[in-house]
Amino acid sequence: MIDKRGDVTEPTLSIVTYNIHKGFSQFNQHMMVHELREQLRVLDADIVFLQEVQGKHSRYAATIENWPQASQQEFLAEDVWQATAYGRNVIYDHGHHGNAILARFPIDHIHNQDVTHLRFERRGLLHCAINVPESPKAVHCVCVHLSLFARSRRRQLDALSRYLEDIAEPDSPLIIAGDFNDWRNEADGLLAQRLGLIEVLGGCYGSPGSPGRSFPAKHPVLRLDRIYVRGFSVNCAEVHSGDPWSKISDHAALSAQLFCTPVR
C-alpha cells in the first residue's frame, strides 16, 4: 500500500463494533438511526459489527416518522458497505432483531448460530468469512451479543470456541467483536487464550486496565464491549463515548485499526 507521500506502508484494516440499541437513544427516548448512520460514516471502517439491530418492526414503521423503509442493516450500509449479513436472534409478532456485519469486501459465507441458554434471553453468534484483499486467507469475523448471566456466557464462549476450532484453521485470521456483557473480564481466559487472540486495547497499549470501559456511553464504567483479533497486529484502538455517541445509544462504540500482518 502507498500513502499520499508515495511511501510504502503496511496494509491496514479498520473495524468498529457498536451495540446500537435498536436505533434508539438511552431509555428509548428518541429514534436515532439517522444520526447513527452519519456517525458510522465518520468512522469509515472497513468492517462494522453491530448488535441489537432492528431487522423489522412493523409498529415502528407505521407510527414513527422517518423510520427507514429498509431493514436497519441495509439502511446503515447503503452506498458505503457493499456486503451485509444479518442474524435474527429475537423474533416477535411485529418484527425481529439481532446482530449484523457490514463490509466493504465480499462475504463468502454466513452462519448464524443459536447459543440461547435461557428461554427468556435469545442469543446468537453471527459468523462471516470475508474476502479481505490484503489477507492471504479469508478473515473469519464473528459478531457476538452474549448473556447477562456469567454461567450462560461461559457456555456461549465455549460454543463459539468449539465452532471456530471446527471450521477455521489455527492460523486463519480471526476477529471476534461485540457486546460481551463481561464486566468480570472472564472472556480473556475462556476465549482469548484458547483461540490465540488478543484484545485490541490491551494488545495496543499493554494496559492492565483493558478492555476499555464502554457502558453507559455518557460516562462509561463497565467493560462490556470488546474486539479480539488473531493474525493481525494492532495499530491503534479507541473507545468512542460522550457526545455525540451517548445521544445515539446506551453503549459506546469501539474502533481499531489493524495491520494485516501477524503479531510478532
# chains A, B, ... in the order shown; residues from 1 in each chain; ligands from 1
$ closest_atom_pairs --of "stretch 120-164 of chain A" --to "stretch 219-238 of chain A" --cutoff "12 Å" --atoms "only C-alpha atoms" --output "CSV"
residue,atom,partner,partner_atom,distance
A:Glu134,CA,A:Phe232,CA,11.5
A:Ser135,CA,A:Gly231,CA,9.5
A:Pro136,CA,A:Gly231,CA,10.9
A:Lys137,CA,A:Gly231,CA,10.3
A:Ala138,CA,A:Gly231,CA,11.3
A:Val139,CA,A:Gly231,CA,9.1
A:His140,CA,A:Arg230,CA,9.7
A:Cys141,CA,A:Val229,CA,9.3
A:Val142,CA,A:Tyr228,CA,9.9
A:Cys143,CA,A:Ile227,CA,9.6
A:Val144,CA,A:Arg226,CA,9.5
A:His145,CA,A:Asp225,CA,9.1
A:Leu146,CA,A:Leu224,CA,9.8
A:Ser147,CA,A:Leu224,CA,11.0
A:Leu148,CA,A:Leu224,CA,10.1
$ residues_around --residues "A:Tyr92" --least-positions-apart "4" --cutoff "12 Å" --atoms "only C-alpha atoms" --output "PyMOL selection string"
chain A and resi 54-59+88+96-98+122
$ closest_atom_pairs --of "stretch 148-193 of chain A" --to "stretch 127-131 of chain A" --cutoff "12 Å" --atoms "only C-alpha atoms" --output "tab-separated table"
residue	atom	partner	partner_atom	distance
A:Leu160	CA	A:His127	CA	9.7
A:Tyr163	CA	A:His127	CA	9.8
A:Leu164	CA	A:His127	CA	9.3
A:Ile167	CA	A:Ala129	CA	10.4
A:Ala168	CA	A:Ala129	CA	9.6
A:Ser172	CA	A:Ala129	CA	10.4
A:Pro173	CA	A:Ala129	CA	9.9
A:Leu174	CA	A:Ala129	CA	9.3
A:Ile175	CA	A:His127	CA	9.9
A:Ile176	CA	A:His127	CA	9.0
A:Ala177	CA	A:His127	CA	10.6
A:Gly178	CA	A:His127	CA	11.9
$ write_last_selection --atoms "C-alpha atoms" --output "mmCIF file, in the first residue's frame"
data_model
loop_
_atom_site.group_PDB
_atom_site.id
_atom_site.type_symbol
_atom_site.label_atom_id
_atom_site.label_comp_id
_atom_site.auth_asym_id
_atom_site.auth_seq_id
_atom_site.Cartn_x
_atom_site.Cartn_y
_atom_site.Cartn_z
ATOM 1 C CA LEU A 160 -18.113 -20.209 19.962
ATOM 2 C CA TYR A 163 -17.408 -23.830 16.377
ATOM 3 C CA LEU A 164 -14.323 -21.864 15.297
ATOM 4 C CA ILE A 167 -14.368 -24.514 10.781
ATOM 5 C CA ALA A 168 -11.231 -22.318 10.887
ATOM 6 C CA SER A 172 -6.653 -18.279 9.919
ATOM 7 C CA PRO A 173 -7.112 -14.565 10.668
ATOM 8 C CA LEU A 174 -9.936 -14.043 13.123
ATOM 9 C CA ILE A 175 -11.909 -11.095 14.525
ATOM 10 C CA ILE A 176 -14.499 -11.504 17.288
ATOM 11 C CA ALA A 177 -16.292 -8.317 18.283
ATOM 12 C CA GLY A 178 -19.444 -7.236 20.055
#
$ select_by_dssp --residues "stretch 15-64 of chain A" --states "helix (DSSP H, G or I)" --output "number ranges by chain"
A: 21-23, 26-28, 33-43, 58-63
$ write_last_selection --atoms "N, CA, C and O atoms" --output "short mmCIF file (atom, residue, chain, number, x, y, z; two decimals), in the first residue's frame"
data_model
loop_
_atom_site.label_atom_id
_atom_site.label_comp_id
_atom_site.auth_asym_id
_atom_site.auth_seq_id
_atom_site.Cartn_x
_atom_site.Cartn_y
_atom_site.Cartn_z
N HIS A 21 -28.64 -0.42 20.14
CA HIS A 21 -29.85 -0.25 20.95
C HIS A 21 -31.09 -0.11 20.08
O HIS A 21 -31.99 0.68 20.36
N LYS A 22 -31.11 -0.88 18.98
CA LYS A 22 -32.24 -0.92 18.04
C LYS A 22 -32.52 0.43 17.38
O LYS A 22 -33.64 0.71 16.92
N GLY A 23 -31.52 1.31 17.37
CA GLY A 23 -31.68 2.61 16.72
C GLY A 23 -32.28 3.68 17.60
O GLY A 23 -32.70 4.72 17.09
N GLN A 26 -30.65 6.20 24.75
CA GLN A 26 -30.81 5.57 26.05
C GLN A 26 -32.24 5.78 26.57
O GLN A 26 -32.82 6.85 26.40
N PHE A 27 -32.78 4.74 27.18
CA PHE A 27 -34.17 4.73 27.69
C PHE A 27 -35.20 4.87 26.58
O PHE A 27 -36.36 5.22 26.84
N ASN A 28 -34.78 4.63 25.32
CA ASN A 28 -35.70 4.66 24.17
C ASN A 28 -36.41 6.00 24.01
O ASN A 28 -37.56 6.06 23.56
N VAL A 33 -31.56 6.49 14.42
CA VAL A 33 -30.91 5.68 13.41
C VAL A 33 -30.28 6.53 12.30
O VAL A 33 -29.25 6.15 11.71
N HIS A 34 -30.83 7.71 12.03
CA HIS A 34 -30.24 8.58 11.01
C HIS A 34 -28.92 9.18 11.51
O HIS A 34 -27.94 9.25 10.76
N GLU A 35 -28.89 9.60 12.77
CA GLU A 35 -27.65 10.12 13.35
C GLU A 35 -26.60 9.00 13.45
O GLU A 35 -25.41 9.24 13.22
N LEU A 36 -27.06 7.81 13.77
CA LEU A 36 -26.17 6.65 13.83
C LEU A 36 -25.51 6.42 12.47
O LEU A 36 -24.29 6.19 12.38
N ARG A 37 -26.29 6.49 11.42
CA ARG A 37 -25.76 6.27 10.08
C ARG A 37 -24.65 7.27 9.77
O ARG A 37 -23.60 6.91 9.23
N GLU A 38 -24.87 8.53 10.12
CA GLU A 38 -23.85 9.55 9.84
C GLU A 38 -22.58 9.31 10.64
O GLU A 38 -21.47 9.47 10.13
N GLN A 39 -22.70 8.93 11.90
CA GLN A 39 -21.52 8.72 12.73
C GLN A 39 -20.73 7.49 12.28
O GLN A 39 -19.49 7.50 12.34
N LEU A 40 -21.40 6.46 11.83
CA LEU A 40 -20.68 5.30 11.31
C LEU A 40 -19.89 5.69 10.06
O LEU A 40 -18.77 5.20 9.84
N ARG A 41 -20.44 6.57 9.26
CA ARG A 41 -19.72 7.04 8.08
C ARG A 41 -18.50 7.89 8.45
O ARG A 41 -17.49 7.88 7.74
N VAL A 42 -18.58 8.61 9.56
CA VAL A 42 -17.42 9.38 10.03
C VAL A 42 -16.28 8.44 10.40
O VAL A 42 -15.11 8.70 10.07
N LEU A 43 -16.59 7.32 11.06
CA LEU A 43 -15.56 6.36 11.43
C LEU A 43 -14.97 5.66 10.22
O LEU A 43 -13.81 5.24 10.24
N SER A 58 -42.82 -3.66 12.44
CA SER A 58 -43.96 -3.10 11.70
C SER A 58 -44.65 -1.98 12.47
O SER A 58 -45.18 -1.04 11.86
N ARG A 59 -44.66 -2.04 13.80
CA ARG A 59 -45.32 -0.98 14.58
C ARG A 59 -44.54 0.33 14.48
O ARG A 59 -45.14 1.40 14.31
N TYR A 60 -43.22 0.26 14.63
CA TYR A 60 -42.41 1.47 14.48
C TYR A 60 -42.54 2.03 13.07
O TYR A 60 -42.64 3.26 12.88
N ALA A 61 -42.54 1.16 12.08
CA ALA A 61 -42.64 1.61 10.69
C ALA A 61 -43.94 2.36 10.44
O ALA A 61 -43.99 3.30 9.63
N ALA A 62 -45.01 1.97 11.16
CA ALA A 62 -46.31 2.59 10.96
C ALA A 62 -46.50 3.87 11.77
O ALA A 62 -47.34 4.70 11.42
N THR A 63 -45.73 4.04 12.85
CA THR A 63 -46.02 5.14 13.79
C THR A 63 -44.91 6.17 13.92
O THR A 63 -45.16 7.29 14.36
#
$ select_by_dssp --residues "stretch 49-252 of chain A" --states "strand (DSSP E)" --output "ChimeraX atom specification"
/A:49-57,83-92,95-103,107-114,124-130,139-145,174-179,198-199,225-230,233-240
$ atom_distance --atom1 "atom CA of A:Phe215" --atom2 "atom CA of A:Ala103"
25.3 Å
$ closest_residue --among "A:Gln193, A:Leu118, A:Arg123, A:Ala70" --to "A:Ile91" --atoms "only C-alpha atoms"
A:Arg123
$ closest_residue --among "A:Phe120, A:Leu195, A:His30, A:Ile107" --to "A:Asp166" --atoms "only C-alpha atoms"
A:Leu195
